[in-house]
Amino acid sequence: MKFRFAFLLAGLVLAATQLALTQTVVLGLPKTIEAGSAFSIQSTGAGKAVLYIVGSGQVLRRDVQLGETTFFAPGDLHNAGRYIAVLVGASSTENGEFDVTAARQPAALSFLAKPSRLPVDLHDGISGVAYVFDTYRNLVLAPTQVSFQLSNINGAVQTRTVLTHNGVTWTKMDSAAKEGAARFVASAGNATSTRVIQQVPGDPCHLRMSAQPSGQRLAVVTEPVRDCSGNAVPDGTIVTFTETYKGGEATVDVPLKRGVARTEMPAYNGAKLSVATGVVVGNEIYWGNVR
């Protein structure tokens with residue numbers, strides 16, 4: 001009888017202990033953790049348990065002693081996102097959730113600039129977009145100041161400073177009045193990224209030609225062909241010379257060479273010579289006696 005009573009009492013004590021464990025085990029979780037930082041999780045109760053942390057591409061497992069603090073080293077959790085913590089004990093399971101956020105210090109930029117080549121003197125012709133990441137390649141969602149700087153070959157500098165929104169920001173810049181390569185730099189904290197924008201001459205402007213006798217023909221030649229900002233138009237640009245005369249018309253297409261176009265045309269008396277390239281029309285010359 002005494003044995004049966006002792007056995008029953010032990011069972012009641014064990015059940016009471018398990019019930020107490022079920023009721024008193026609490027998992028103390030931080031609300032947020034910065035990616036890569038050290039952190040700790042507190043639990044109540046007594047006995048051994050296993051703690052699982054499951055989240056964005058990461059799973060951690062720790063054997064823990066209930067009632068003690070479990071410490072995690074820097075870098076243990078480095079992927080930003082929502083995490084679930086599950087504490088599995090001998091007779092109970094507790095769980096909770098917390099967030100891992102990107103580190104606030106920018107460590108890298110993904111910088112896109114376009115176009116890589118464009119004409120000079122275009123307002124808002126160059127655009128840049130920057131994405132800000134921390135050292136673990138998490139997108140930094142907190143507003144972050146990004147500086148954009150466009151440096152032209154003539155020393156002119158354009159600067160814009162803007163804040164990111166959900167990890168991204170953008171700006172627009174003017175292309176320079178003079179041709180040449182420009183350095184487009186985005187920076188945030190100690191992170192920088194550089195792109196090169198090639199600025200080329202625009203459309204020809206103020207096209208002019210002259211003509212003089214060359215034997216039985218006319219030698220026609222343009223002045224150096226430049227855009228409206230004074231940049232030399234690239235060699236190979238096609239210039240069209242047209243001669244109209246009584247009963248006919250002659251046309252010659254000539255590529256620029258060393259900045260000018262030259263050719264010979266028939267020397268018809270009373271002829272009209274004109275020159276054009278693209279949509280730009282130059283001066284006209286009347287040759288001989290005009291009737």
# chains A, B, ... in the order shown; residues from 1 in each chain; ligands from 1
call {"tool": "residues_around", "arguments": {"residues": "range 274-279 of chain A", "least_positions_apart": "2", "cutoff": "8 Å", "atoms": "only C-alpha atoms", "output": "list in words"}}
result
Pro204, Leu207, Arg208, Met209, Thr237, Ile238, Val239, Thr240, Phe241, Thr242, Glu243, Lys272, Val281, Gly282, Asn283, Glu284 and Ile285 of chain A
call {"tool": "residues_around", "arguments": {"residues": "range 186-195 of chain A", "least_positions_apart": "2", "cutoff": "12 Å", "atoms": "only C-alpha atoms", "output": "mmCIF file with C-alpha atoms, in the first residue's frame"}}
result
data_model
loop_
_atom_site.group_PDB
_atom_site.id
_atom_site.type_symbol
_atom_site.label_atom_id
_atom_site.label_comp_id
_atom_site.auth_asym_id
_atom_site.auth_seq_id
_atom_site.Cartn_x
_atom_site.Cartn_y
_atom_site.Cartn_z
ATOM 1 C CA ARG A 104 22.197 51.053 -41.633
ATOM 2 C CA GLN A 105 25.734 51.658 -42.871
ATOM 3 C CA PRO A 106 25.916 51.451 -46.701
ATOM 4 C CA ALA A 107 28.636 49.111 -47.933
ATOM 5 C CA ALA A 108 27.936 48.762 -51.665
ATOM 6 C CA LEU A 109 26.045 50.454 -54.483
ATOM 7 C CA SER A 110 24.483 49.092 -57.622
ATOM 8 C CA PHE A 111 24.681 52.089 -59.964
ATOM 9 C CA LEU A 112 23.027 52.247 -63.377
ATOM 10 C CA ALA A 113 23.681 55.174 -65.722
ATOM 11 C CA LYS A 114 22.232 55.725 -69.171
ATOM 12 C CA PRO A 115 22.793 56.327 -71.944
ATOM 13 C CA SER A 116 26.478 55.487 -72.178
ATOM 14 C CA ARG A 117 26.746 57.768 -75.224
ATOM 15 C CA ILE A 126 21.716 61.635 -68.454
ATOM 16 C CA SER A 127 19.937 59.571 -65.793
ATOM 17 C CA GLY A 128 21.379 57.621 -62.883
ATOM 18 C CA VAL A 129 19.772 55.076 -60.548
ATOM 19 C CA ALA A 130 21.433 53.779 -57.367
ATOM 20 C CA TYR A 131 20.486 50.832 -55.139
ATOM 21 C CA VAL A 132 22.063 50.822 -51.657
ATOM 22 C CA PHE A 133 23.199 47.578 -49.977
ATOM 23 C CA ASP A 134 24.808 46.714 -46.650
ATOM 24 C CA THR A 135 27.881 44.528 -46.263
ATOM 25 C CA VAL A 140 19.059 49.134 -47.130
ATOM 26 C CA PRO A 143 16.300 56.489 -46.024
ATOM 27 C CA THR A 144 19.939 56.936 -47.014
ATOM 28 C CA GLN A 145 21.636 59.986 -48.506
ATOM 29 C CA VAL A 146 23.205 59.361 -51.921
ATOM 30 C CA SER A 147 25.366 61.919 -53.734
ATOM 31 C CA PHE A 148 25.611 61.987 -57.527
ATOM 32 C CA GLN A 149 28.427 63.876 -59.262
ATOM 33 C CA LEU A 150 28.999 64.315 -62.992
ATOM 34 C CA SER A 151 32.445 65.678 -63.891
ATOM 35 C CA GLN A 158 27.171 68.898 -61.523
ATOM 36 C CA THR A 159 26.127 67.594 -58.099
ATOM 37 C CA ARG A 160 22.851 66.211 -56.759
ATOM 38 C CA THR A 161 22.160 64.830 -53.252
ATOM 39 C CA VAL A 162 18.991 62.805 -52.744
ATOM 40 C CA LEU A 163 17.505 60.336 -50.250
ATOM 41 C CA THR A 164 16.659 56.750 -51.081
ATOM 42 C CA GLY A 167 16.499 51.283 -51.027
ATOM 43 C CA VAL A 168 16.610 53.111 -54.377
ATOM 44 C CA THR A 169 17.041 56.671 -55.634
ATOM 45 C CA TRP A 170 17.641 58.386 -58.952
ATOM 46 C CA THR A 171 18.584 61.696 -60.584
ATOM 47 C CA ALA A 181 34.090 61.622 -71.569
ATOM 48 C CA ALA A 182 32.365 62.453 -68.276
ATOM 49 C CA ARG A 183 32.749 60.615 -64.960
ATOM 50 C CA PHE A 184 29.411 59.874 -63.287
ATOM 51 C CA ILE A 197 29.424 58.726 -70.144
ATOM 52 C CA GLN A 198 30.678 59.559 -73.629
#
call {"tool": "closest_residue", "arguments": {"among": "A:Leu27, A:Arg262, A:Val120, A:Glu223", "to": "Glu97 in chain A", "atoms": "only C-alpha atoms"}}
result
A:Leu27
call {"tool": "select_by_dssp", "arguments": {"residues": "range 140-256 of chain A", "states": "strand (DSSP E or B)", "output": "ChimeraX atom specification"}}
result
/A:145-151,157-163,165,168-173,180-188,191-200,204-205,209-214,217-222,226-227,232,238-245,248-255
call {"tool": "closest_residue", "arguments": {"among": "A:His78, A:Ile33, A:Thr69, A:Asn95", "to": "Tyr52 in chain A", "atoms": "only C-alpha atoms"}}
result
A:Asn95
call {"tool": "residues_around", "arguments": {"residues": "Asp63 in chain A", "least_positions_apart": "5", "cutoff": "8 Å", "atoms": "only C-alpha atoms", "output": "count of residues only"}}
result
4
call {"tool": "closest_residue", "arguments": {"among": "A:Gly55, A:Gly36, A:Gly270, A:Pro213", "to": "Asn138 in chain A", "atoms": "only C-alpha atoms"}}
result
A:Gly36
call {"tool": "atom_distance", "arguments": {"atom1": "CA of Leu139 in chain A", "atom2": "CA of Val157 in chain A"}}
result
29.1 Å
call {"tool": "closest_residue", "arguments": {"among": "A:Ala85, A:Cys205, A:Ala232, A:Met265", "to": "Leu218 in chain A", "atoms": "only C-alpha atoms"}}
result
A:Met265
call {"tool": "closest_residue", "arguments": {"among": "A:Gly89, A:Gly259, A:Gly155, A:Gly81", "to": "Pro224 in chain A", "atoms": "only C-alpha atoms"}}
result
A:Gly259
call {"tool": "atom_distance", "arguments": {"atom1": "CA of Ala103 in chain A", "atom2": "CA of Gln42 in chain A"}}
result
23.3 Å
call {"tool": "atom_distance", "arguments": {"atom1": "CA of Asn154 in chain A", "atom2": "CA of Arg258 in chain A"}}
result
22.9 Å
call {"tool": "closest_residue", "arguments": {"among": "A:Leu141, A:Arg61, A:Lys31, A:Met173", "to": "Asp99 in chain A", "atoms": "only C-alpha atoms"}}
result
A:Lys31
